[in-house]
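The next block is coords-v6.txt, given as compact mmCIF, N, CA and C atoms.
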```txt
# COMPACT_ATOMS: atom_id res chain seq x y z
N CYS A 1 8.08 25.15 11.50
CA CYS A 1 8.18 26.58 11.69
C CYS A 1 7.89 26.89 13.18
N PHE A 2 8.70 27.73 13.74
CA PHE A 2 8.54 28.15 15.13
C PHE A 2 8.10 29.61 15.10
N GLN A 3 6.92 29.88 15.65
CA GLN A 3 6.32 31.20 15.51
C GLN A 3 6.36 32.00 16.80
N ASN A 4 6.48 33.32 16.63
CA ASN A 4 6.42 34.28 17.71
C ASN A 4 7.40 33.97 18.84
N LEU A 5 8.67 33.78 18.49
CA LEU A 5 9.71 33.59 19.49
C LEU A 5 10.34 34.93 19.82
N LEU A 6 10.72 35.12 21.06
CA LEU A 6 11.37 36.34 21.51
C LEU A 6 12.86 36.08 21.60
N ILE A 7 13.65 36.92 20.95
CA ILE A 7 15.11 36.80 21.03
C ILE A 7 15.57 37.39 22.36
N LYS A 8 16.18 36.56 23.19
CA LYS A 8 16.65 36.99 24.51
C LYS A 8 18.13 37.39 24.49
N ASP A 9 18.91 36.78 23.57
CA ASP A 9 20.34 37.08 23.51
C ASP A 9 20.85 36.76 22.10
N VAL A 10 21.86 37.49 21.68
CA VAL A 10 22.51 37.27 20.39
C VAL A 10 24.02 37.27 20.63
N ILE A 11 24.68 36.19 20.21
CA ILE A 11 26.13 36.08 20.37
C ILE A 11 26.75 35.88 18.99
N SER A 12 27.75 36.69 18.67
CA SER A 12 28.50 36.52 17.42
C SER A 12 29.56 35.45 17.63
N LEU A 13 29.60 34.49 16.72
CA LEU A 13 30.57 33.39 16.80
C LEU A 13 31.64 33.57 15.72
N LYS A 14 32.70 32.78 15.84
CA LYS A 14 33.75 32.79 14.83
C LYS A 14 33.14 32.48 13.47
N GLY A 15 33.68 33.10 12.42
CA GLY A 15 33.20 32.84 11.08
C GLY A 15 31.97 33.64 10.71
N GLY A 16 31.55 34.57 11.58
CA GLY A 16 30.39 35.40 11.28
C GLY A 16 29.05 34.76 11.59
N HIS A 17 29.07 33.60 12.25
CA HIS A 17 27.84 32.91 12.60
C HIS A 17 27.20 33.59 13.82
N LEU A 18 25.91 33.34 14.02
CA LEU A 18 25.20 33.89 15.18
C LEU A 18 24.56 32.77 16.00
N LYS A 19 24.61 32.93 17.31
CA LYS A 19 23.88 32.03 18.21
C LYS A 19 22.84 32.87 18.94
N LEU A 20 21.58 32.47 18.78
CA LEU A 20 20.48 33.18 19.41
C LEU A 20 19.93 32.37 20.58
N SER A 21 19.57 33.05 21.62
CA SER A 21 18.79 32.43 22.69
C SER A 21 17.37 32.94 22.47
N VAL A 22 16.45 32.01 22.21
CA VAL A 22 15.07 32.38 21.91
C VAL A 22 14.12 31.78 22.95
N MET A 23 13.00 32.46 23.17
CA MET A 23 12.03 32.01 24.16
C MET A 23 10.63 32.06 23.57
N ASP A 24 9.85 31.05 23.87
CA ASP A 24 8.42 31.05 23.52
C ASP A 24 7.71 31.85 24.63
N PRO A 25 7.12 33.00 24.30
CA PRO A 25 6.49 33.82 25.34
C PRO A 25 5.33 33.15 26.07
N GLN A 26 4.68 32.16 25.44
CA GLN A 26 3.56 31.50 26.11
C GLN A 26 4.02 30.45 27.10
N SER A 27 4.96 29.60 26.69
CA SER A 27 5.41 28.52 27.58
C SER A 27 6.61 28.92 28.42
N LEU A 28 7.29 30.00 28.04
CA LEU A 28 8.52 30.48 28.67
C LEU A 28 9.70 29.52 28.49
N LYS A 29 9.57 28.56 27.59
CA LYS A 29 10.67 27.64 27.29
C LYS A 29 11.67 28.34 26.38
N THR A 30 12.96 28.04 26.60
CA THR A 30 14.01 28.65 25.81
C THR A 30 14.78 27.59 25.03
N ALA A 31 15.46 28.06 23.98
CA ALA A 31 16.29 27.18 23.16
C ALA A 31 17.39 28.01 22.53
N GLU A 32 18.45 27.32 22.12
CA GLU A 32 19.50 27.97 21.35
C GLU A 32 19.21 27.76 19.88
N ALA A 33 19.46 28.79 19.08
CA ALA A 33 19.26 28.71 17.63
C ALA A 33 20.53 29.21 16.95
N LEU A 34 21.04 28.42 16.02
CA LEU A 34 22.27 28.78 15.32
C LEU A 34 21.96 29.25 13.91
N CYS A 35 22.59 30.35 13.52
CA CYS A 35 22.48 30.90 12.17
C CYS A 35 23.88 30.84 11.56
N PHE A 36 24.10 29.93 10.63
CA PHE A 36 25.40 29.82 9.97
C PHE A 36 25.44 30.76 8.78
N SER A 37 26.49 31.58 8.74
CA SER A 37 26.71 32.55 7.65
C SER A 37 25.43 33.34 7.34
N PRO A 38 24.90 34.05 8.34
CA PRO A 38 23.64 34.78 8.11
C PRO A 38 23.83 35.92 7.12
N SER A 39 22.79 36.17 6.34
CA SER A 39 22.80 37.31 5.42
C SER A 39 22.69 38.60 6.23
N ALA A 40 22.94 39.71 5.57
CA ALA A 40 22.80 41.02 6.23
C ALA A 40 21.36 41.22 6.70
N ASP A 41 20.39 40.72 5.92
CA ASP A 41 18.98 40.83 6.31
C ASP A 41 18.72 40.09 7.62
N TRP A 42 19.26 38.87 7.72
CA TRP A 42 19.08 38.09 8.95
C TRP A 42 19.70 38.81 10.14
N ALA A 43 20.92 39.29 9.94
CA ALA A 43 21.63 39.96 11.04
C ALA A 43 20.86 41.19 11.51
N SER A 44 20.18 41.87 10.60
CA SER A 44 19.41 43.06 11.00
C SER A 44 18.15 42.68 11.77
N VAL A 45 17.62 41.49 11.54
CA VAL A 45 16.42 41.01 12.24
C VAL A 45 16.79 40.44 13.62
N ALA A 46 17.96 39.84 13.73
CA ALA A 46 18.35 39.13 14.96
C ALA A 46 18.82 40.12 16.02
N LYS A 47 17.88 40.77 16.65
CA LYS A 47 18.15 41.76 17.70
C LYS A 47 17.45 41.34 19.00
N ILE A 48 18.08 41.64 20.12
CA ILE A 48 17.51 41.32 21.42
C ILE A 48 16.15 42.01 21.56
N GLN A 49 15.18 41.29 22.10
CA GLN A 49 13.80 41.73 22.34
C GLN A 49 12.96 41.79 21.06
N GLN A 50 13.49 41.29 19.95
CA GLN A 50 12.73 41.22 18.70
C GLN A 50 11.93 39.92 18.67
N HIS A 51 10.68 39.98 18.25
CA HIS A 51 9.87 38.78 18.04
C HIS A 51 10.06 38.32 16.60
N VAL A 52 10.26 37.00 16.45
CA VAL A 52 10.55 36.45 15.13
C VAL A 52 9.83 35.13 14.91
N ASP A 53 9.67 34.78 13.63
CA ASP A 53 9.30 33.43 13.22
C ASP A 53 10.56 32.79 12.68
N LEU A 54 10.81 31.54 13.03
CA LEU A 54 11.97 30.82 12.54
C LEU A 54 11.54 29.60 11.76
N LEU A 55 12.19 29.40 10.63
CA LEU A 55 12.13 28.13 9.92
C LEU A 55 13.44 27.46 10.32
N ALA A 56 13.35 26.36 11.07
CA ALA A 56 14.55 25.77 11.63
C ALA A 56 14.43 24.25 11.75
N GLU A 57 15.57 23.61 11.72
CA GLU A 57 15.66 22.16 11.89
C GLU A 57 16.09 21.88 13.33
N VAL A 58 15.38 20.98 13.97
CA VAL A 58 15.73 20.58 15.34
C VAL A 58 16.85 19.54 15.25
N GLN A 59 17.91 19.74 16.05
CA GLN A 59 19.00 18.78 16.05
C GLN A 59 19.65 18.73 17.43
N TRP A 60 20.45 17.68 17.63
CA TRP A 60 21.20 17.53 18.87
C TRP A 60 22.53 18.27 18.74
N ASN A 61 22.96 18.90 19.82
CA ASN A 61 24.28 19.53 19.90
C ASN A 61 25.06 18.76 20.96
N TYR A 62 26.13 18.09 20.54
CA TYR A 62 27.01 17.36 21.45
C TYR A 62 28.25 18.21 21.65
N PHE A 63 28.41 18.76 22.85
CA PHE A 63 29.57 19.60 23.11
C PHE A 63 29.92 19.54 24.58
N GLY A 64 31.19 19.38 24.86
CA GLY A 64 31.67 19.39 26.26
C GLY A 64 31.08 18.28 27.10
N GLY A 65 30.75 17.16 26.49
CA GLY A 65 30.19 16.04 27.23
C GLY A 65 28.70 16.16 27.51
N TYR A 66 28.07 17.18 26.97
CA TYR A 66 26.63 17.37 27.17
C TYR A 66 25.90 17.23 25.84
N ARG A 67 24.64 16.87 25.92
CA ARG A 67 23.78 16.76 24.75
C ARG A 67 22.58 17.68 24.96
N ARG A 68 22.41 18.62 24.03
CA ARG A 68 21.31 19.57 24.13
C ARG A 68 20.62 19.69 22.78
N ILE A 69 19.35 20.02 22.81
CA ILE A 69 18.62 20.30 21.57
C ILE A 69 18.93 21.73 21.15
N GLN A 70 19.13 21.91 19.85
CA GLN A 70 19.31 23.25 19.30
C GLN A 70 18.54 23.36 18.00
N LEU A 71 18.33 24.59 17.57
CA LEU A 71 17.65 24.85 16.31
C LEU A 71 18.67 25.34 15.29
N LEU A 72 18.67 24.75 14.11
CA LEU A 72 19.51 25.20 13.01
C LEU A 72 18.63 26.04 12.10
N VAL A 73 18.85 27.34 12.12
CA VAL A 73 17.97 28.29 11.43
C VAL A 73 18.19 28.24 9.92
N LYS A 74 17.09 28.08 9.20
CA LYS A 74 17.08 28.09 7.74
C LYS A 74 16.58 29.44 7.22
N ASP A 75 15.67 30.07 7.98
CA ASP A 75 15.15 31.39 7.61
C ASP A 75 14.61 32.06 8.87
N ILE A 76 14.62 33.38 8.86
CA ILE A 76 14.15 34.15 10.00
C ILE A 76 13.33 35.33 9.48
N LYS A 77 12.24 35.64 10.19
CA LYS A 77 11.37 36.74 9.78
C LYS A 77 10.96 37.53 11.01
N SER A 78 11.09 38.82 10.94
CA SER A 78 10.67 39.72 12.00
C SER A 78 9.14 39.75 12.07
N ILE A 79 8.61 39.89 13.27
CA ILE A 79 7.15 39.98 13.46
C ILE A 79 6.82 41.37 13.98
N SER A 80 5.84 42.01 13.37
CA SER A 80 5.39 43.32 13.84
C SER A 80 4.43 43.15 15.01
N SER A 81 4.20 44.22 15.73
CA SER A 81 3.23 44.19 16.84
C SER A 81 1.84 43.81 16.36
N ALA A 82 1.47 44.30 15.17
CA ALA A 82 0.14 43.99 14.62
C ALA A 82 0.01 42.50 14.35
N GLU A 83 1.07 41.87 13.81
CA GLU A 83 1.04 40.43 13.53
C GLU A 83 0.95 39.63 14.83
N MET A 84 1.63 40.09 15.88
CA MET A 84 1.56 39.40 17.18
C MET A 84 0.15 39.44 17.72
N THR A 85 -0.53 40.59 17.60
CA THR A 85 -1.91 40.75 18.09
C THR A 85 -2.87 39.87 17.31
N GLU A 86 -2.68 39.78 15.99
CA GLU A 86 -3.56 38.96 15.16
C GLU A 86 -3.46 37.49 15.56
N GLY A 87 -2.27 37.05 15.93
CA GLY A 87 -2.07 35.65 16.28
C GLY A 87 -2.68 35.25 17.58
N THR A 88 -3.05 36.22 18.44
CA THR A 88 -3.61 35.90 19.75
C THR A 88 -5.12 36.01 19.80
N SER A 89 -5.73 36.52 18.73
CA SER A 89 -7.19 36.70 18.77
C SER A 89 -7.91 35.56 18.11
```

When written as structure tokens, how does the structure in this file appear?
Amino acid sequence: CFQNLLIKDVISLKGGHLKLSVMDPQSLKTAEALCFSPSADWASVAKIQQHVDLLAEVQWNYFGGYRRIQLLVKDIKSISSAEMTEGTS
């Protein structure tokens, strides 16, 4: 589980899939996260500047001669401001 990630970008892909650019606010590291055939609930959560928890599988993405790590999203949950504060205390 990846907790308290900030969605930096959301791109709609062919077939209704979503590609998210997410960032860990503490380390400032970013990653791509793919949501295949997201439900309407997921699509409503996947908004720029939204903090989320992701249940995701880490995998390699081989494309265009490059190899990158990506996250394959299994579930996504919105985080409220109160939940973010609780996690830092």

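Minimum atom-to-atom distance to Leu72 (chain A), evaluated using only N, CA and C atoms, belongs to A:Val58 out of A:Ala31, A:Ile7, A:Leu18, A:Val58.
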
Find the residues near Leu6 (chain A): any atom within 8 Å, counting only C-alpha atoms, skip ones fewer than 4 places away on the same chain, and give them as a PyMOL selection string. chain A and resi 22-25+48-52

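CA of Gln3 (chain A) to atom C of Leu54 (chain A) spans 6.6 Å [interatomic distance, one decimal].
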
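Look at Gln59 (chain A): the protein and nucleic acid residues within 9 Å of it, using only C-alpha atoms and passing over chain neighbours fewer than 5 places away, are A:Arg68, A:Ile69, A:Gln70, A:Leu71, A:Leu72.
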
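Distances here use only N, CA and C atoms; by that measure, the residue among A:Ala33, A:Ser39, A:Asn61, A:Asp9 closest to Val73 (chain A) is A:Ala33.
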
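Take CA of Asp41 (chain A) and atom N of Asp75 (chain A): the distance between them is 11.4 Å.
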
Shell of 7 Å around Lys19 (chain A), only C-alpha atoms, local chain residues under 5 positions omitted, as a list in words: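 Selected residues are Val10, Ile11, Ser12, Leu13, Glu32, Ala33, Leu34 and Cys35 of chain A.
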
Distance atom N of Lys47 (chain A)-CA of Trp60 (chain A), one decimal place? 23.6 Å

Those in chain A with helix (DSSP H, G or I) from DSSP, as a ChimeraX atom specification: /A:14-16,40-45,81-88

Determine which residues of region 45-88 of chain A DSSP labels as strand (DSSP E or B) from the backbone of this structure, then write them out as a ChimeraX atom specification. /A:51-63,66-78

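With distances restricted to only C-alpha atoms, A:Leu5 is the closest residue to Thr30 (chain A) from A:Gly64, A:Leu5, A:Ile79, A:Lys74.
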
What lies within 9 Å of Pro38 (chain A) using only C-alpha atoms, ignoring chain neighbours under 5 positions off, as a PyMOL selection string? chain A and resi 16-18+43
